[in-house]
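Raw start-v5.txt, compact mmCIF, C-alpha atoms:
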# COMPACT_ATOMS: atom_id res chain seq x y z
CA MET A 45 23.26 -3.31 -14.41
CA ASP A 46 22.07 0.21 -15.03
CA ALA A 47 18.72 1.38 -13.65
CA VAL A 48 16.68 0.32 -16.68
CA ASP A 49 18.25 -3.14 -16.85
CA LEU A 50 17.67 -3.58 -13.13
CA LEU A 51 14.06 -2.50 -13.48
CA ARG A 52 13.59 -4.90 -16.38
CA ARG A 53 14.95 -7.76 -14.31
CA LEU A 54 12.67 -6.95 -11.38
CA VAL A 55 9.57 -6.61 -13.57
CA GLU A 56 10.33 -9.87 -15.34
CA LEU A 57 10.62 -11.60 -11.97
CA GLU A 58 6.85 -11.74 -11.59
CA SER A 59 5.87 -11.59 -7.92
CA PRO A 60 2.13 -11.76 -7.23
CA THR A 61 1.24 -11.52 -3.57
CA GLY A 62 0.90 -14.98 -2.05
CA ASP A 63 2.93 -16.82 -4.69
CA ALA A 64 5.53 -18.20 -2.28
CA GLU A 65 7.91 -19.56 -4.91
CA ARG A 66 8.03 -16.40 -7.01
CA ILE A 67 8.23 -14.13 -3.95
CA ALA A 68 11.15 -16.20 -2.64
CA HIS A 69 12.89 -15.94 -6.01
CA ILE A 70 12.64 -12.16 -6.27
CA GLY A 71 13.48 -11.86 -2.57
CA ARG A 72 16.78 -13.68 -3.09
CA PHE A 73 17.55 -11.45 -6.07
CA VAL A 74 16.81 -8.24 -4.15
CA ALA A 75 18.87 -9.44 -1.18
CA ALA A 76 21.84 -10.13 -3.46
CA GLU A 77 21.53 -6.68 -5.02
CA LEU A 78 21.43 -5.06 -1.59
CA ASP A 79 24.57 -6.97 -0.62
CA SER A 80 26.32 -5.75 -3.77
CA ALA A 81 25.27 -2.17 -2.88
CA GLY A 82 27.13 -2.39 0.43
CA ALA A 83 24.39 -3.56 2.77
CA ARG A 84 24.10 -6.78 4.78
CA SER A 85 20.83 -8.50 3.94
CA GLU A 86 18.77 -11.26 5.48
CA LEU A 87 15.40 -12.84 4.84
CA ARG A 88 12.85 -12.58 7.64
CA GLY A 89 10.08 -14.85 6.49
CA GLN A 90 9.29 -13.64 2.98
CA HIS A 91 10.58 -10.12 3.66
CA VAL A 92 14.03 -8.74 2.88
CA VAL A 93 15.80 -6.71 5.58
CA ALA A 94 19.20 -5.08 5.12
CA HIS A 95 21.51 -2.78 7.04
CA ALA A 96 24.17 -0.43 5.67
CA PRO A 97 26.62 1.29 8.02
CA GLY A 98 26.88 5.07 8.14
CA GLU A 99 29.57 7.58 9.01
CA ALA A 100 27.80 8.28 12.32
CA GLY A 101 27.69 4.67 13.38
CA ASP A 102 26.05 5.25 16.75
CA GLU A 103 23.10 7.30 15.46
CA ALA A 104 19.61 5.93 14.90
CA PRO A 105 19.23 4.65 11.33
CA LEU A 106 17.14 5.88 8.47
CA LEU A 107 14.61 3.28 7.34
CA LEU A 108 13.90 2.89 3.61
CA VAL A 109 10.73 0.93 2.80
CA ALA A 110 9.42 -0.63 -0.40
CA HIS A 111 7.51 -3.77 -1.39
CA MET A 112 8.22 -6.43 -3.98
CA ASP A 113 4.78 -7.99 -4.37
CA THR A 114 2.38 -6.87 -7.09
CA VAL A 115 -1.30 -7.20 -7.90
CA TRP A 116 -0.53 -8.93 -11.20
CA PRO A 117 -1.01 -12.72 -11.54
CA ALA A 118 1.77 -14.89 -12.90
CA GLY A 119 1.75 -14.90 -16.69
CA THR A 120 0.80 -11.24 -17.06
CA LEU A 121 4.11 -10.64 -18.87
CA MET A 122 2.68 -12.56 -21.83
CA THR A 123 0.24 -9.71 -22.49
CA MET A 124 2.10 -6.86 -20.73
CA PRO A 125 5.79 -7.39 -21.54
CA PHE A 126 8.42 -5.03 -20.22
CA ARG A 127 9.25 -2.37 -22.77
CA VAL A 128 10.70 1.13 -22.90
CA GLU A 129 8.83 3.61 -25.03
CA GLY A 130 8.57 7.40 -25.04
CA GLY A 131 10.61 7.86 -21.89
CA PHE A 132 8.54 5.36 -19.88
CA ALA A 133 9.18 1.78 -18.79
CA HIS A 134 6.03 -0.33 -19.11
CA GLY A 135 5.20 -3.59 -17.39
CA PRO A 136 3.36 -5.20 -14.47
CA GLY A 137 4.61 -3.68 -11.24
CA ALA A 138 7.00 -1.28 -12.99
CA LEU A 139 5.48 1.70 -11.18
CA ASP A 140 4.00 0.02 -8.11
CA MET A 141 6.56 -0.43 -6.97
CA LYS A 142 9.59 -2.08 -8.47
CA ALA A 143 10.89 1.31 -9.59
CA GLY A 144 10.98 2.20 -5.88
CA ILE A 145 13.27 -0.78 -5.22
CA VAL A 146 15.52 0.36 -8.09
CA THR A 147 15.63 3.84 -6.52
CA ILE A 148 16.83 2.39 -3.20
CA LEU A 149 19.49 0.19 -4.81
CA GLN A 150 20.84 2.88 -7.10
CA ALA A 151 20.89 5.48 -4.31
CA LEU A 152 22.81 3.17 -1.98
CA ARG A 153 25.39 2.56 -4.70
CA ALA A 154 25.72 6.25 -5.57
CA SER A 155 25.82 7.62 -2.03
CA GLY A 156 28.90 5.78 -0.84
CA ARG A 157 28.78 5.71 2.94
CA PRO A 158 25.61 7.54 4.11
CA ARG A 159 25.73 10.04 6.97
CA ARG A 160 23.88 7.75 9.38
CA PRO A 161 23.21 3.99 9.24
CA VAL A 162 20.47 2.85 6.87
CA ASP A 163 18.00 0.02 7.31
CA VAL A 164 16.13 -1.27 4.27
CA LEU A 165 12.88 -3.24 4.38
CA ILE A 166 11.32 -4.76 1.26
CA THR A 167 8.01 -6.34 2.25
CA ALA A 168 6.28 -9.19 0.43
CA ASP A 169 2.57 -8.69 1.12
CA GLU A 170 1.88 -4.93 1.04
CA GLU A 171 -0.75 -5.24 -1.67
CA ILE A 172 -3.04 -7.17 0.68
CA GLY A 173 -2.41 -4.96 3.72
CA SER A 174 0.92 -6.38 4.97
CA PRO A 175 -0.56 -9.02 7.30
CA SER A 176 2.94 -10.37 8.02
CA GLY A 177 5.01 -7.41 6.84
CA ARG A 178 3.42 -5.09 9.39
CA THR A 179 5.42 -6.63 12.24
CA GLU A 180 8.69 -5.90 10.44
CA VAL A 181 7.64 -2.34 9.55
CA GLU A 182 6.72 -1.55 13.15
CA ARG A 183 9.82 -3.22 14.60
CA LEU A 184 12.22 -1.25 12.42
CA ALA A 185 10.25 2.01 12.51
CA ARG A 186 10.38 2.17 16.33
CA GLY A 187 14.15 2.52 16.27
CA ALA A 188 14.44 4.73 13.19
CA ALA A 189 15.38 8.40 13.08
CA ALA A 190 13.02 8.75 10.11
CA VAL A 191 11.21 6.53 7.63
CA LEU A 192 11.29 7.14 3.87
CA VAL A 193 8.78 5.15 1.83
CA LEU A 194 9.49 4.72 -1.88
CA GLU A 195 5.88 4.32 -3.04
CA PRO A 196 5.01 6.36 -6.14
CA PRO A 197 3.36 9.68 -5.27
CA VAL A 198 -0.34 10.10 -5.96
CA ARG A 199 0.35 13.27 -7.92
CA GLU A 200 3.40 14.24 -9.93
CA ASP A 201 5.81 16.66 -8.23
CA THR A 202 4.64 15.74 -4.73
CA ILE A 203 5.60 13.76 -1.68
CA THR A 204 3.04 12.13 0.60
CA THR A 205 2.86 13.30 4.22
CA ALA A 206 -0.55 11.95 5.25
CA ARG A 207 -2.60 8.88 4.38
CA SER A 208 -6.09 7.87 5.36
CA GLY A 209 -6.72 4.87 7.54
CA LEU A 210 -8.32 1.83 5.93
CA ALA A 211 -10.74 -0.81 7.14
CA ARG A 212 -12.39 -3.82 5.51
CA TYR A 213 -15.64 -5.36 6.65
CA GLN A 214 -17.68 -8.37 5.55
CA LEU A 215 -21.43 -8.14 6.06
CA TYR A 216 -23.40 -11.40 6.04
CA ALA A 217 -27.19 -11.60 5.83
CA THR A 218 -29.20 -14.72 6.59
CA GLY A 219 -32.79 -15.17 5.54
CA ARG A 220 -35.03 -18.17 4.81
CA ALA A 221 -35.12 -20.02 1.50
CA ALA A 222 -38.40 -20.61 -0.31
CA HIS A 223 -39.74 -21.13 -3.80
CA ALA A 224 -39.88 -17.79 -5.58
CA GLY A 225 -43.52 -18.41 -6.49
CA SER A 226 -44.50 -18.24 -2.84
CA GLY A 227 -41.55 -16.27 -1.55
CA HIS A 228 -43.50 -13.34 -0.12
CA VAL A 229 -45.32 -15.75 2.15
CA ALA A 230 -42.72 -18.38 3.02
CA GLY A 231 -39.31 -16.85 2.43
CA VAL A 232 -37.04 -14.14 3.83
CA SER A 233 -34.70 -12.68 1.22
CA ALA A 234 -31.11 -12.19 2.33
CA VAL A 235 -30.46 -10.45 -1.00
CA ALA A 236 -33.12 -7.86 -0.20
CA GLU A 237 -31.51 -7.37 3.20
CA ILE A 238 -28.09 -6.77 1.66
CA ALA A 239 -29.66 -4.29 -0.76
CA HIS A 240 -31.04 -2.29 2.17
CA GLN A 241 -27.71 -2.45 3.98
CA THR A 242 -25.78 -1.34 0.89
CA LEU A 243 -27.78 1.87 0.80
CA ALA A 244 -27.41 2.33 4.56
CA VAL A 245 -23.62 1.88 4.41
CA HIS A 246 -23.25 4.39 1.59
CA GLU A 247 -25.16 6.92 3.70
CA LEU A 248 -22.22 6.87 6.14
CA GLN A 249 -20.10 8.75 3.59
CA ASP A 250 -19.17 12.21 4.86
CA ASP A 251 -17.25 14.34 2.38
CA ARG A 252 -16.69 17.12 4.91
CA ARG A 253 -14.88 14.78 7.30
CA GLY A 254 -13.24 12.80 4.53
CA ILE A 255 -15.05 9.59 5.46
CA ARG A 256 -15.40 7.33 2.44
CA VAL A 257 -17.34 4.08 2.35
CA ASN A 258 -17.78 1.71 -0.57
CA VAL A 259 -19.61 -1.58 -0.95
CA GLY A 260 -17.34 -3.05 -3.59
CA GLN A 261 -18.66 -6.60 -3.85
CA ILE A 262 -21.98 -8.30 -3.16
CA GLY A 263 -23.21 -11.84 -3.71
CA GLY A 264 -25.66 -14.46 -2.57
CA GLY A 265 -28.53 -16.72 -3.43
CA THR A 266 -28.64 -20.12 -5.07
CA GLY A 267 -30.97 -19.70 -8.05
CA ASP A 268 -33.26 -17.33 -9.90
CA ASN A 269 -36.35 -19.11 -8.64
CA VAL A 270 -35.21 -19.38 -5.00
CA VAL A 271 -35.64 -16.75 -2.30
CA ALA A 272 -32.06 -16.23 -1.14
CA ALA A 273 -31.25 -17.63 2.30
CA ARG A 274 -27.77 -16.07 2.37
CA ALA A 275 -26.06 -13.03 0.92
CA TRP A 276 -22.95 -10.98 1.64
CA ALA A 277 -21.29 -7.65 0.97
CA ARG A 278 -17.69 -6.49 1.26
CA ILE A 279 -17.11 -2.96 2.51
CA ASP A 280 -14.11 -0.66 2.11
CA ALA A 281 -14.05 2.15 4.71
CA ARG A 282 -11.55 5.03 4.94
CA ALA A 283 -11.03 7.95 7.32
CA TRP A 284 -8.29 10.50 8.03
CA THR A 285 -8.27 10.15 11.83
CA ALA A 286 -8.35 7.32 14.33
CA ALA A 287 -11.42 8.91 15.95
CA ASP A 288 -13.34 8.83 12.66
CA GLN A 289 -12.18 5.26 12.03
CA SER A 290 -13.59 4.28 15.42
CA TRP A 291 -16.86 6.10 14.77
CA LEU A 292 -17.21 4.45 11.37
CA GLU A 293 -16.56 0.99 12.79
CA GLY A 294 -19.20 1.59 15.45
CA GLN A 295 -21.74 2.60 12.81
CA ILE A 296 -21.08 -0.49 10.71
CA HIS A 297 -21.33 -2.83 13.69
CA ALA A 298 -24.55 -1.07 14.71
CA LEU A 299 -26.35 -1.94 11.44
CA ARG A 300 -29.67 -3.67 12.11
CA PRO A 301 -31.81 -5.86 9.82
CA GLN A 302 -34.41 -4.09 7.73
CA VAL A 303 -36.23 -7.17 6.38
CA GLU A 304 -38.40 -8.93 8.94
CA GLY A 305 -36.93 -12.31 9.83
CA ALA A 306 -33.42 -11.55 8.50
CA THR A 307 -30.28 -11.53 10.61
CA LEU A 308 -26.95 -9.73 10.12
CA THR A 309 -23.36 -10.55 11.06
CA VAL A 310 -20.39 -8.17 10.68
CA GLU A 311 -16.76 -9.28 10.51
CA GLY A 312 -13.52 -7.45 9.81
CA GLY A 313 -12.01 -4.24 11.09
CA VAL A 314 -9.23 -1.70 10.66
CA THR A 315 -6.44 -2.88 8.37
CA ARG A 316 -4.29 0.28 8.37
CA PRO A 317 -4.29 3.11 10.92
CA PRO A 318 -4.12 6.63 9.47
CA MET A 319 -0.74 8.18 8.70
CA ILE A 320 -0.97 11.52 10.49
CA ARG A 321 1.08 14.56 9.54
CA ASP A 322 2.45 15.59 12.93
CA GLU A 323 5.21 18.06 13.84
CA ARG A 324 8.00 15.53 13.32
CA THR A 325 6.68 14.56 9.90
CA ALA A 326 6.30 18.23 8.96
CA ALA A 327 9.94 18.87 9.93
CA LEU A 328 11.12 15.83 7.95
CA ALA A 329 9.08 16.93 4.94
CA ALA A 330 10.68 20.38 5.11
CA GLN A 331 14.11 18.76 4.88
CA VAL A 332 13.01 16.67 1.90
CA LEU A 333 11.62 19.71 0.09
CA ALA A 334 14.80 21.66 0.83
CA ALA A 335 16.97 18.86 -0.56
CA ALA A 336 14.79 18.71 -3.66
CA ALA A 337 15.01 22.48 -4.15
CA GLU A 338 18.81 22.32 -4.03
CA LEU A 339 18.64 19.83 -6.90
CA GLY A 340 16.28 22.06 -8.86
CA ILE A 341 13.30 19.80 -8.17
CA GLU A 342 10.09 21.57 -7.21
CA LEU A 343 7.98 19.41 -4.90
CA ALA A 344 4.97 19.96 -2.66
CA GLU A 345 3.29 17.97 0.09
CA HIS A 346 0.17 15.96 -0.68
CA ARG A 347 -2.09 13.55 1.19
CA SER A 348 -3.36 10.26 -0.17
CA GLY A 349 -6.61 8.39 0.32
CA GLY A 350 -4.74 5.12 -0.18
CA GLY A 351 -2.66 3.20 2.31
CA SER A 352 0.91 1.90 2.40
CA ASP A 353 3.42 0.49 4.85
CA GLY A 354 3.96 4.13 5.81
CA ASN A 355 0.70 3.95 7.78
CA PHE A 356 2.19 1.31 10.08
CA ALA A 357 5.50 3.15 10.44
CA ALA A 358 3.72 6.35 11.47
CA ALA A 359 1.48 4.51 13.93
CA ALA A 360 4.64 3.03 15.49
CA GLY A 361 5.74 6.58 16.30
CA ALA A 362 8.15 7.34 13.46
CA ALA A 363 8.40 10.48 11.36
CA VAL A 364 7.43 9.35 7.86
CA VAL A 365 7.60 10.81 4.38
CA ASP A 366 5.98 8.63 1.74
CA GLY A 367 5.56 8.97 -2.02
CA LEU A 368 9.31 9.34 -2.60
CA GLY A 369 9.36 6.85 -5.47
CA PRO A 370 9.36 7.66 -9.17
CA THR A 371 6.21 8.97 -10.82
CA GLY A 372 4.21 7.37 -13.59
CA VAL A 373 0.77 6.35 -14.77
CA GLY A 374 -1.57 3.39 -14.42
CA ALA A 375 -0.68 1.69 -11.15
CA HIS A 376 -2.68 -1.58 -11.02
CA ALA A 377 -3.87 -0.92 -14.62
CA ILE A 378 -2.94 -2.42 -17.98
CA ASP A 379 -1.15 0.79 -19.00
CA GLU A 380 1.14 0.80 -15.94
CA ARG A 381 4.34 2.68 -16.66
CA VAL A 382 7.02 4.63 -14.84
CA SER A 383 8.85 7.76 -15.98
CA LEU A 384 12.56 7.07 -16.48
CA ALA A 385 13.36 10.77 -16.01
CA SER A 386 11.56 10.61 -12.67
CA LEU A 387 13.49 7.46 -11.75
CA ASP A 388 16.74 9.40 -12.17
CA GLU A 389 15.33 12.43 -10.36
CA ARG A 390 14.04 10.52 -7.36
CA THR A 391 17.29 8.52 -7.14
CA ASN A 392 19.28 11.77 -6.98
CA LEU A 393 16.92 13.06 -4.30
CA LEU A 394 17.35 9.92 -2.20
CA VAL A 395 21.14 10.16 -2.54
CA SER A 396 20.93 13.72 -1.19
CA LEU A 397 18.73 12.62 1.71
CA LEU A 398 21.10 9.80 2.65
CA LYS A 399 23.88 12.37 2.93
CA ARG A 400 22.00 15.04 4.88
CA LEU A 401 19.41 13.43 7.18
Represent the structure of the file as structure tokens.
Amino acid sequence: MDAVDLLRRLVELESPTGDAERIAHIGRFVAAELDSAGARSELRGQHVVAHAPGEAGDEAPLLLVAHMDTVWPAGTLMTMPFRVEGGFAHGPGALDMKAGIVTILQALRASGRPRRPVDVLITADEEIGSPSGRTEVERLARGAAAVLVLEPPVREDTITTARSGLARYQLYATGRAAHAGSGHVAGVSAVAEIAHQTLAVHELQDDRRGIRVNVGQIGGGTGDNVVAARAWARIDARAWTAADQSWLEGQIHALRPQVEGATLTVEGGVTRPPMIRDERTAALAAQVLAAAAELGIELAEHRSGGGSDGNFAAAAGAAVVDGLGPTGVGAHAIDERVSLASLDERTNLLVSLLKRL
């Protein structure tokens, strides 16, 4: 199969996170493709791991990372079928990040025997924070000479050398139910408490430090004419440093009730540590940019407010460059599409990196 046919096959193998049967199906397909590209693959739980030998057999391996799960529910192909139009391939997961898997497979085939051994990890639950994939990322990253993550870059003509850390919190308020007609006397509104806390949480935002906080979901109550006894809010919190992540977590756990008689409970915590651009990452990025320049590709470094498996690899002590996948538009959106020219370009870049790193 050429790159477009391979991408079509991957997109049409729908793989929503948590759908064990579909994830197993695409996992077997990816493993077989890795085997045909000269690697030895195995399934570790739902995740695909492969190893390809290099010319320098005793050197630490490069680690290539992608994920096969998507945010799209099964059946999305009925309304978002795979199609190629205007130089772009459209379809659920085409950009995020099945094109990244195609890049890995095509680069392994084109590179012959890479300079050093190559490990490949295709995780199955990245879209929900890699609760099981994290262990595999960290295990392989600890022994890697460098980690290359094939996520699409946030901006065209960039690679990603830093990512913010992420945390998720659930805030629960408990009040006292009463008839709405006498609520001010007999009841304690958990909904009112969550409203106060929503404003308080948003006050933690600090643009100067890059601290971002969002109450993305709220709910509660049992009826229009009932003072709500329970309510909840879900909080997304992001920071560029571990110190700011810790400060932010302390502030959220320190929230106190504002409505007399209400109580608060906070659950959750950090889901991804920050991916820090350190000296090793800077040196790796310089090699990537140099390889791109030799191919006539002009790239620059960029940092992303989103997370990936690169966060875990960096926290495990590896030098990481992320955002090496093809570019496109509409990740997680109904107009998701990937540039086929970029798919070729990023494949050529990865081939070069496999030969020089």
Notebook entry, point to check: Could you name the residues that touch segment 357-366 of chain A at 7 Å or less, counting all atoms listed in the file, but leaving out those on the same chain fewer than 6 positions away, as a PyMOL selection string?
Noted result: chain A and resi 181-182+185-186+188+190-195+203-205+317+319+324-325+328-329
Selected residues written out with C-alpha atoms, as a PDB file, in the coordinates of the input:
ATOM      1  CA  VAL A 181       7.640  -2.340   9.550  1.00  0.00           C
ATOM      2  CA  GLU A 182       6.720  -1.550  13.150  1.00  0.00           C
ATOM      3  CA  ALA A 185      10.250   2.010  12.510  1.00  0.00           C
ATOM      4  CA  ARG A 186      10.380   2.170  16.330  1.00  0.00           C
ATOM      5  CA  ALA A 188      14.440   4.730  13.190  1.00  0.00           C
ATOM      6  CA  ALA A 190      13.020   8.750  10.110  1.00  0.00           C
ATOM      7  CA  VAL A 191      11.210   6.530   7.630  1.00  0.00           C
ATOM      8  CA  LEU A 192      11.290   7.140   3.870  1.00  0.00           C
ATOM      9  CA  VAL A 193       8.780   5.150   1.830  1.00  0.00           C
ATOM     10  CA  LEU A 194       9.490   4.720  -1.880  1.00  0.00           C
ATOM     11  CA  GLU A 195       5.880   4.320  -3.040  1.00  0.00           C
ATOM     12  CA  ILE A 203       5.600  13.760  -1.680  1.00  0.00           C
ATOM     13  CA  THR A 204       3.040  12.130   0.600  1.00  0.00           C
ATOM     14  CA  THR A 205       2.860  13.300   4.220  1.00  0.00           C
ATOM     15  CA  PRO A 317      -4.290   3.110  10.920  1.00  0.00           C
ATOM     16  CA  MET A 319      -0.740   8.180   8.700  1.00  0.00           C
ATOM     17  CA  ARG A 324       8.000  15.530  13.320  1.00  0.00           C
ATOM     18  CA  THR A 325       6.680  14.560   9.900  1.00  0.00           C
ATOM     19  CA  LEU A 328      11.120  15.830   7.950  1.00  0.00           C
ATOM     20  CA  ALA A 329       9.080  16.930   4.940  1.00  0.00           C
TER      21      ALA A 329
END
Hey, could you make a per-residue contact list for segment 299-381 of chain A against segment 207-211 of chain A with 7 Å as the cut-off, showing the nearest pair of atoms and its distance in Å to one decimal, counting only C-alpha atoms, sorted by chain and number, as CSV?
residue,atom,partner,partner_atom,distance
A:Gly313,CA,A:Ala211,CA,5.4
A:Val314,CA,A:Ala211,CA,3.9
A:Thr315,CA,A:Ala211,CA,4.9
A:Arg316,CA,A:Leu210,CA,5.0
A:Pro317,CA,A:Gly209,CA,4.5
A:Pro318,CA,A:Gly209,CA,3.7
A:Met319,CA,A:Arg207,CA,4.8
A:Ile320,CA,A:Arg207,CA,6.9
A:Arg347,CA,A:Arg207,CA,5.7
A:Ser348,CA,A:Arg207,CA,4.8
A:Gly349,CA,A:Ser208,CA,5.1
A:Gly350,CA,A:Arg207,CA,6.3
A:Gly351,CA,A:Arg207,CA,6.0
A:Asn355,CA,A:Arg207,CA,6.8
His246 of chain A surroundings by all atoms listed in the file, 10 Å radius, close-in-sequence under 2 positions cut, as a CSV table (one decimal) with C-alpha atoms, in the frame of the given file:
chain,number,residue,atom,x,y,z
A,241,GLN,CA,-27.7,-2.4,4.0
A,242,THR,CA,-25.8,-1.3,0.9
A,243,LEU,CA,-27.8,1.9,0.8
A,244,ALA,CA,-27.4,2.3,4.6
A,248,LEU,CA,-22.2,6.9,6.1
A,249,GLN,CA,-20.1,8.8,3.6
A,250,ASP,CA,-19.2,12.2,4.9
A,256,ARG,CA,-15.4,7.3,2.4
A,257,VAL,CA,-17.3,4.1,2.4
A,258,ASN,CA,-17.8,1.7,-0.6
A,259,VAL,CA,-19.6,-1.6,-1.0
A,279,ILE,CA,-17.1,-3.0,2.5
A,281,ALA,CA,-14.0,2.2,4.7
Margin query: Could you check the closest approach to Ala273 of chain A for each of A:Gln295, A:Thr218, A:Thr309, A:Gln302 and tell me which residue wins, using all atoms listed in the file?
Written below: A:Thr218
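Separating atom CA of Leu393 of chain A from atom CA of Gly98 of chain A is a distance of 17.8 Å.
Atom to atom, atom CA of Arg282 of chain A and atom CA of Ala375 of chain A stand 19.7 Å apart.
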Next item on the list: Give me, please, the distance in Å between atom CA of Phe73 of chain A and atom CA of Leu387 of chain A, quoted to one decimal.
Entry: 20.2 Å
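Using only C-alpha atoms, the set of residues no farther than 10 Å from the position (9.2, -3.7, 11.5) comprises Val93, Leu107, Val109, Leu165, Thr167, Ser176, Gly177, Arg178, Thr179, Glu180, Val181, Glu182, Arg183, Leu184, Ala185, Arg186, Gly187, Asp353, Phe356, Ala357 and Ala360 of chain A.
You can rank A:Ala224, A:His240, A:Asp49, A:Ala283 by their closest distance to Arg252 of chain A using all atoms listed in the file, and at the top of that list sits A:Ala283.
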Next item on the list: Determine, counting all atoms listed in the file, which protein, DNA and RNA residues have an atom within 12 Å of an atom of Pro161 of chain A; residues of the same chain fewer than 6 positions away are not included. Present the result as a PyMOL selection string.
Entry: chain A and resi 82-84+94-108+152+187-190+398-401
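For the residues A:Thr371, A:Ser233, A:Ala221, A:Ser352, ranking by smallest atom-to-atom distance to Ala385 of chain A using all atoms listed in the file places A:Thr371 first.
Within a radius of 8 Å around (-16.3, -4.1, -0.6), the polymer residues are Arg212, Tyr213, Gln214, Asn258, Val259, Gly260, Gln261, Ile262, Ala277, Arg278, Ile279 and Asp280 of chain A, counting all atoms listed in the file.
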For those residues, write C-alpha atoms to a file as a compact mmCIF listing (two decimals), keeping the file's coordinate frame.
# COMPACT_ATOMS: atom_id res chain seq x y z
CA ARG A 212 -12.39 -3.82 5.51
CA TYR A 213 -15.64 -5.36 6.65
CA GLN A 214 -17.68 -8.37 5.55
CA ASN A 258 -17.78 1.71 -0.57
CA VAL A 259 -19.61 -1.58 -0.95
CA GLY A 260 -17.34 -3.05 -3.59
CA GLN A 261 -18.66 -6.60 -3.85
CA ILE A 262 -21.98 -8.30 -3.16
CA ALA A 277 -21.29 -7.65 0.97
CA ARG A 278 -17.69 -6.49 1.26
CA ILE A 279 -17.11 -2.96 2.51
CA ASP A 280 -14.11 -0.66 2.11
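The closest residue to Leu215 of chain A, picked from A:Leu121, A:Ala133, A:Leu308, A:Leu333 and counting all atoms listed in the file, is A:Leu308.
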